[in-house]
Amino acid sequence: MNAEAAKPATPGPLAPGHVTPAGTRRKSRPRLDLRRLGRAALLGPSSARDRLPDAIGHVVEAHRAHHPDADLEPLRRAYVLAESSHRGQMRKSGEPYITHPLAVTLILAELGAETTTLTASLLHDTVEDTDVTLDQVGEEFGEEVRYLVDGVTKLEKVDYGAAAEPETFRKMLVATGNDVRVMSIKLADRLHNMRTLGVMRPAKQERIAKVTRDVLIPLAERLGVQALKTELEDLVFAILHREEYEKTRELIVNNAAREDDPLADVADDVRKVLREADIPAEVLIRPRHFVSVHRVSRKRGPLRGADFGRLLVLVNEDADCYAVLGELHTCMTPVVSEFKDFIAVPKFNLYQSLHTAVAGDDGQVVEVLIRTHQMHKVAEAGVVALGNPYAAPPEEQSAGDGERVDPTRPGWLSRLLEWQQAAPDPDTFWSTLREDLAQDREITVFRPDGGALGLPEGATCVDAAYAQYGEDAHACIGARVNGRLATLSTVLKDGDTVQLLMDQDAASAPSREWLDHATTPAARIAIQRWLAAHPTAEDADTRSLADDVETPRPAGTEAPQPSGAYAPDPGRPAAAQVLVDRDGATVRLAGCCTPVPPDEVTGFAVRGGAVTVHRTECPAVARMKSAGRTEVGVRWGEGAECRVTLVAESFVRPHLLADLTEAMATEGAEIVSATVEPPERQQVRHTYTVQLPDAAQLPALMRAMRNVAGVYDVSRAQPQAQGD
């Protein structure tokens, strides 16, 4: 049974005595007395089943305000079923359990949710906590309601144990991918439980608050449901940061007691400006919520009156927004650095608005939000305000670049659903989900063909490669950002144009270093899966000795055979054959010095029966000897195939990378991996690891690369001294 109880959290943003920030009072209907209505539901006459129960009168009133022509019969039947099913069940506070689904439904009704969502909300705990089955819900209310109820129904701890919570969220997210109304109900459910968390043990309050902070609040932000997100933030703030909450509460109380209100004065000035310009507009004072006040106080230091709220200007048309902006910037003193246009470029969570700021006569800066009434509705309710996602015509559900046009299935959700399939382990899913949701800002980068990729802020070219190509991105060897060569570790900015350079070699493989540059779960999981499927002979001492600090063996060099020679998988590119003076030993060519015939080489035994082969001048050799590693005799066999790393130094010019790779291919070299460092002083450094069918071809390959226009030097990668 859903155990969150109905006593207010103490302290909590909504506790008795709560003071509205900035001293403003909002006109609203009286708060629903859930205790009284719940008892009425239990004690009322059971024969009154042909009329709308009084207990859901507030729900109906709120619903009709948004949907005046709604059919209320499903709500009546859903309430009757919920009330009879939960009859006798009590919350930990002692209130009838029916008060909970009623409160959740009222939250959604006030946000403007349509009838199907409200019907499912009334029934959302029946399958989990009563004898009602999903089949019964489907037969009585239809498949949509059945799907929504199933989506928010928790998995049993008896069956899933400690994995029940992460797997429940995975189930809800998958269901949300098909219908965002599932998450709308879950958010409203969590909001009411957070409002009524006071009777829980402090430890349980904190556990629920942390999950709310890490998962539910970011989801509310991404779905644009700001009305739920801000209240959840305040409730979490009150539980997890009680001292800071009390200080912030005191700041708000003291500000409300002030006689002067700079926000009210500036609001009057704005109304006068817009009235004289003949622009119909509603100017409201929008108080900051507790967490917002706390953030501003930490950023700005001591707060002034104008810091406790913003002005909200509501108009009828998009064009009126810009007209208001023009008047304010003309007739008042604008703070130009504060201007942001989220109408022309909406946020990834559907948010649209113009942001600006003006300075008052006393020097205080007042932030102003300008939007239409419809924008405001979406800003507050997000996807809830969009109604039924199934109402959109099927032909509008997808776009050619892979992102869905349907705003109820945003790109971030599609990406989340994709990577969660590759994270079967509940712990991996749970930790990765929190990391993903912590990236709360999104950028848009463009492909050369005009398509767009949505990525979290801080994403790199590695992330862009996996976002565009999936696991085919293993073959990415470089990128151009805004027309210039860039390394895969380059951090992208909003509006960048990214061209990803792909190797045609099917054996191309990601480097372990890519994990240091990947920020998106999709990229990290894909790279980790490849590395797990292609293990190297790394032993437990690899972190302390230089020879073992290597890039993972690409796909063409795995699975050495237990004999006295390196015998690669036939049909794949292989390293030159190495003979070892030790029976049954497997061989690994050290990545720090990339030995090839006819280099002088030596070997050292490592755990697992493996031998690492180094060039004799490699700095790691001295370190291995001083560490007491057993030296093993190695020599080149008759096979002439080899792998080598080359460094090309060149001047920056158009098509240089294409010309270089073409010259290498002409000489029969297969590019295994490549990196291109950021240009410096019109010079650029390329590093290529290539596979050659014959080591004797190496001098010709290097000459061919030097002959490419703009290339002034090509050399073997020198052994690098590496730290212990």
# chains A, B, ... in the order shown; residues from 1 in each chain; ligands from 1
call {"tool": "residues_around", "arguments": {"residues": "range 292-309 of chain A", "least_positions_apart": "6", "cutoff": "8 Å", "atoms": "only C-alpha atoms", "output": "NGL selection string"}}
result
:A and (21-22 or 244 or 248 or 252 or 255 or 261-263 or 285-286 or 364-367)
call {"tool": "write_last_selection", "arguments": {"atoms": "N, CA, C and O atoms", "output": "mmCIF file, in the first residue's frame"}}
result
data_model
loop_
_atom_site.group_PDB
_atom_site.id
_atom_site.type_symbol
_atom_site.label_atom_id
_atom_site.label_comp_id
_atom_site.auth_asym_id
_atom_site.auth_seq_id
_atom_site.Cartn_x
_atom_site.Cartn_y
_atom_site.Cartn_z
ATOM 1 N N PRO A 21 5.476 34.768 -0.724
ATOM 2 C CA PRO A 21 6.581 35.719 -0.979
ATOM 3 C C PRO A 21 6.091 37.018 -1.590
ATOM 4 O O PRO A 21 5.097 37.043 -2.321
ATOM 5 N N ALA A 22 6.817 38.078 -1.282
ATOM 6 C CA ALA A 22 6.566 39.434 -1.803
ATOM 7 C C ALA A 22 5.264 40.026 -1.290
ATOM 8 O O ALA A 22 4.832 41.062 -1.747
ATOM 9 N N GLU A 244 18.844 25.904 6.224
ATOM 10 C CA GLU A 244 18.799 26.856 5.117
ATOM 11 C C GLU A 244 17.356 27.235 4.787
ATOM 12 O O GLU A 244 17.068 28.382 4.435
ATOM 13 N N THR A 248 15.786 31.001 4.834
ATOM 14 C CA THR A 248 15.102 31.553 3.656
ATOM 15 C C THR A 248 13.679 31.965 4.005
ATOM 16 O O THR A 248 13.195 33.011 3.561
ATOM 17 N N ILE A 252 11.873 35.711 3.644
ATOM 18 C CA ILE A 252 10.607 35.977 2.965
ATOM 19 C C ILE A 252 9.608 36.644 3.909
ATOM 20 O O ILE A 252 8.894 37.581 3.526
ATOM 21 N N ASN A 255 10.591 40.258 4.399
ATOM 22 C CA ASN A 255 10.301 41.069 3.214
ATOM 23 C C ASN A 255 8.807 41.339 3.090
ATOM 24 O O ASN A 255 8.402 42.436 2.689
ATOM 25 N N ASP A 261 7.059 48.254 -1.477
ATOM 26 C CA ASP A 261 7.196 47.098 -2.351
ATOM 27 C C ASP A 261 7.677 47.583 -3.714
ATOM 28 O O ASP A 261 6.884 48.068 -4.528
ATOM 29 N N PRO A 262 8.981 47.508 -3.981
ATOM 30 C CA PRO A 262 9.483 47.999 -5.271
ATOM 31 C C PRO A 262 8.896 47.254 -6.454
ATOM 32 O O PRO A 262 8.741 47.834 -7.531
ATOM 33 N N LEU A 263 8.533 45.997 -6.274
ATOM 34 C CA LEU A 263 7.914 45.251 -7.371
ATOM 35 C C LEU A 263 6.564 45.857 -7.740
ATOM 36 O O LEU A 263 6.221 45.988 -8.920
ATOM 37 N N ILE A 285 2.575 40.290 -10.293
ATOM 38 C CA ILE A 285 3.788 40.060 -9.509
ATOM 39 C C ILE A 285 3.882 38.562 -9.251
ATOM 40 O O ILE A 285 2.957 37.951 -8.715
ATOM 41 N N ARG A 286 5.009 37.971 -9.649
ATOM 42 C CA ARG A 286 5.192 36.527 -9.517
ATOM 43 C C ARG A 286 6.253 36.281 -8.447
ATOM 44 O O ARG A 286 7.452 36.400 -8.704
ATOM 45 N N GLN A 364 17.152 49.420 -8.182
ATOM 46 C CA GLN A 364 16.889 47.985 -8.076
ATOM 47 C C GLN A 364 16.514 47.426 -9.441
ATOM 48 O O GLN A 364 15.764 48.043 -10.206
ATOM 49 N N VAL A 365 17.014 46.242 -9.740
ATOM 50 C CA VAL A 365 16.753 45.591 -11.018
ATOM 51 C C VAL A 365 15.572 44.630 -10.859
ATOM 52 O O VAL A 365 15.567 43.777 -9.969
ATOM 53 N N VAL A 366 14.600 44.789 -11.751
ATOM 54 C CA VAL A 366 13.391 43.959 -11.711
ATOM 55 C C VAL A 366 13.368 43.079 -12.955
ATOM 56 O O VAL A 366 13.416 43.582 -14.083
ATOM 57 N N GLU A 367 13.302 41.784 -12.744
ATOM 58 C CA GLU A 367 13.219 40.847 -13.859
ATOM 59 C C GLU A 367 11.781 40.796 -14.370
ATOM 60 O O GLU A 367 10.826 40.828 -13.578
#
call {"tool": "atom_distance", "arguments": {"atom1": "CA of Ala113 in chain A", "atom2": "CA of Trp430 in chain A"}}
result
29.2 Å
call {"tool": "atom_distance", "arguments": {"atom1": "CA of Arg615 in chain A", "atom2": "CA of Ala648 in chain A"}}
result
20.9 Å
call {"tool": "atom_distance", "arguments": {"atom1": "CA of Leu701 in chain A", "atom2": "CA of Asp659 in chain A"}}
result
13.5 Å
call {"tool": "residues_around", "arguments": {"residues": "Val132 in chain A", "least_positions_apart": "2", "cutoff": "10 Å", "atoms": "only C-alpha atoms", "output": "list of chain:residue names"}}
result
A:Leu81, A:Ala82, A:Ser85, A:His86, A:Leu123, A:Asp125, A:Thr126, A:Val127, A:Glu128, A:Asp129, A:Thr130, A:Leu134, A:Asp135, A:Gln136, A:Val137
call {"tool": "residues_around", "arguments": {"residues": "His686 in chain A", "least_positions_apart": "6", "cutoff": "7 Å", "atoms": "only C-alpha atoms", "output": "list in words"}}
result
Val647, Ala648, Glu649, Thr675, Val676 and Glu677 of chain A
call {"tool": "select_by_dssp", "arguments": {"residues": "range 467-497 of chain A", "states": "strand (DSSP E)", "output": "number ranges by chain"}}
result
A: 476-481, 484-486
call {"tool": "write_last_selection", "arguments": {"atoms": "N, CA, C and O atoms", "output": "compact mmCIF listing (two decimals), in the first residue's frame"}}
result
# COMPACT_ATOMS: atom_id res chain seq x y z
N CYS A 476 34.13 6.17 -35.66
CA CYS A 476 34.42 7.60 -35.79
C CYS A 476 35.91 7.85 -35.54
O CYS A 476 36.49 7.33 -34.58
N ILE A 477 36.53 8.63 -36.41
CA ILE A 477 37.97 8.90 -36.27
C ILE A 477 38.27 10.39 -36.07
O ILE A 477 39.42 10.76 -35.88
N GLY A 478 37.26 11.23 -36.13
CA GLY A 478 37.50 12.66 -35.95
C GLY A 478 36.25 13.45 -36.24
O GLY A 478 35.17 12.90 -36.48
N ALA A 479 36.38 14.76 -36.22
CA ALA A 479 35.23 15.62 -36.44
C ALA A 479 35.68 16.99 -36.94
O ALA A 479 36.83 17.39 -36.75
N ARG A 480 34.75 17.65 -37.61
CA ARG A 480 34.90 19.07 -37.92
C ARG A 480 33.82 19.82 -37.16
O ARG A 480 32.64 19.48 -37.26
N VAL A 481 34.22 20.80 -36.42
CA VAL A 481 33.28 21.64 -35.68
C VAL A 481 33.33 23.03 -36.28
O VAL A 481 34.40 23.66 -36.29
N ARG A 484 36.12 23.36 -38.88
CA ARG A 484 37.53 23.17 -38.53
C ARG A 484 37.72 21.81 -37.88
O ARG A 484 36.87 21.33 -37.12
N LEU A 485 38.85 21.17 -38.17
CA LEU A 485 39.15 19.88 -37.58
C LEU A 485 39.19 20.01 -36.06
O LEU A 485 39.69 20.99 -35.51
N ALA A 486 38.63 18.99 -35.39
CA ALA A 486 38.58 19.01 -33.93
C ALA A 486 38.75 17.59 -33.41
O ALA A 486 38.42 16.62 -34.09
call {"tool": "residues_around", "arguments": {"residues": "range 468-470 of chain A", "least_positions_apart": "4", "cutoff": "9 Å", "atoms": "only C-alpha atoms", "output": "list in words"}}
result
Gly402, Leu453, Asp463, Ala464, His474, Ala522, Ala523 and Ala526 of chain A
call {"tool": "write_last_selection", "arguments": {"atoms": "all heavy atoms", "output": "compact mmCIF listing (two decimals), in the first residue's frame"}}
result
# COMPACT_ATOMS: atom_id res chain seq x y z
N GLY A 402 15.02 11.87 -37.13
CA GLY A 402 14.99 10.94 -36.02
C GLY A 402 14.34 11.48 -34.76
O GLY A 402 13.99 10.72 -33.87
N LEU A 453 20.81 17.71 -33.70
CA LEU A 453 20.98 16.76 -32.61
C LEU A 453 20.79 17.50 -31.29
O LEU A 453 21.41 18.54 -31.07
CB LEU A 453 22.37 16.13 -32.64
CG LEU A 453 22.75 15.25 -33.83
CD1 LEU A 453 24.23 14.88 -33.76
CD2 LEU A 453 21.89 13.99 -33.86
N ASP A 463 29.92 12.19 -27.87
CA ASP A 463 28.48 12.09 -27.62
C ASP A 463 27.69 12.32 -28.90
O ASP A 463 26.70 11.63 -29.15
CB ASP A 463 28.06 13.11 -26.55
CG ASP A 463 28.75 12.88 -25.23
OD1 ASP A 463 28.68 11.75 -24.72
OD2 ASP A 463 29.37 13.83 -24.72
N ALA A 464 28.12 13.30 -29.69
CA ALA A 464 27.41 13.57 -30.94
C ALA A 464 27.49 12.37 -31.88
O ALA A 464 26.53 12.03 -32.57
CB ALA A 464 28.02 14.81 -31.61
N HIS A 474 31.44 3.58 -33.30
CA HIS A 474 32.74 2.99 -32.98
C HIS A 474 33.77 3.33 -34.06
O HIS A 474 34.97 3.33 -33.79
CB HIS A 474 32.61 1.47 -32.89
CG HIS A 474 31.76 1.00 -31.75
ND1 HIS A 474 31.56 1.73 -30.61
CD2 HIS A 474 31.07 -0.16 -31.56
CE1 HIS A 474 30.78 1.07 -29.77
NE2 HIS A 474 30.47 -0.09 -30.34
N ALA A 522 24.09 7.07 -23.44
CA ALA A 522 24.11 6.27 -24.67
C ALA A 522 25.54 6.02 -25.12
O ALA A 522 25.90 4.90 -25.50
CB ALA A 522 23.31 6.97 -25.77
N ALA A 523 26.38 7.07 -25.10
CA ALA A 523 27.77 6.92 -25.52
C ALA A 523 28.55 6.05 -24.54
O ALA A 523 29.27 5.12 -24.94
CB ALA A 523 28.43 8.29 -25.66
N ALA A 526 27.49 2.31 -24.73
CA ALA A 526 27.92 1.68 -25.98
C ALA A 526 29.42 1.38 -25.94
O ALA A 526 29.86 0.30 -26.35
CB ALA A 526 27.58 2.56 -27.17
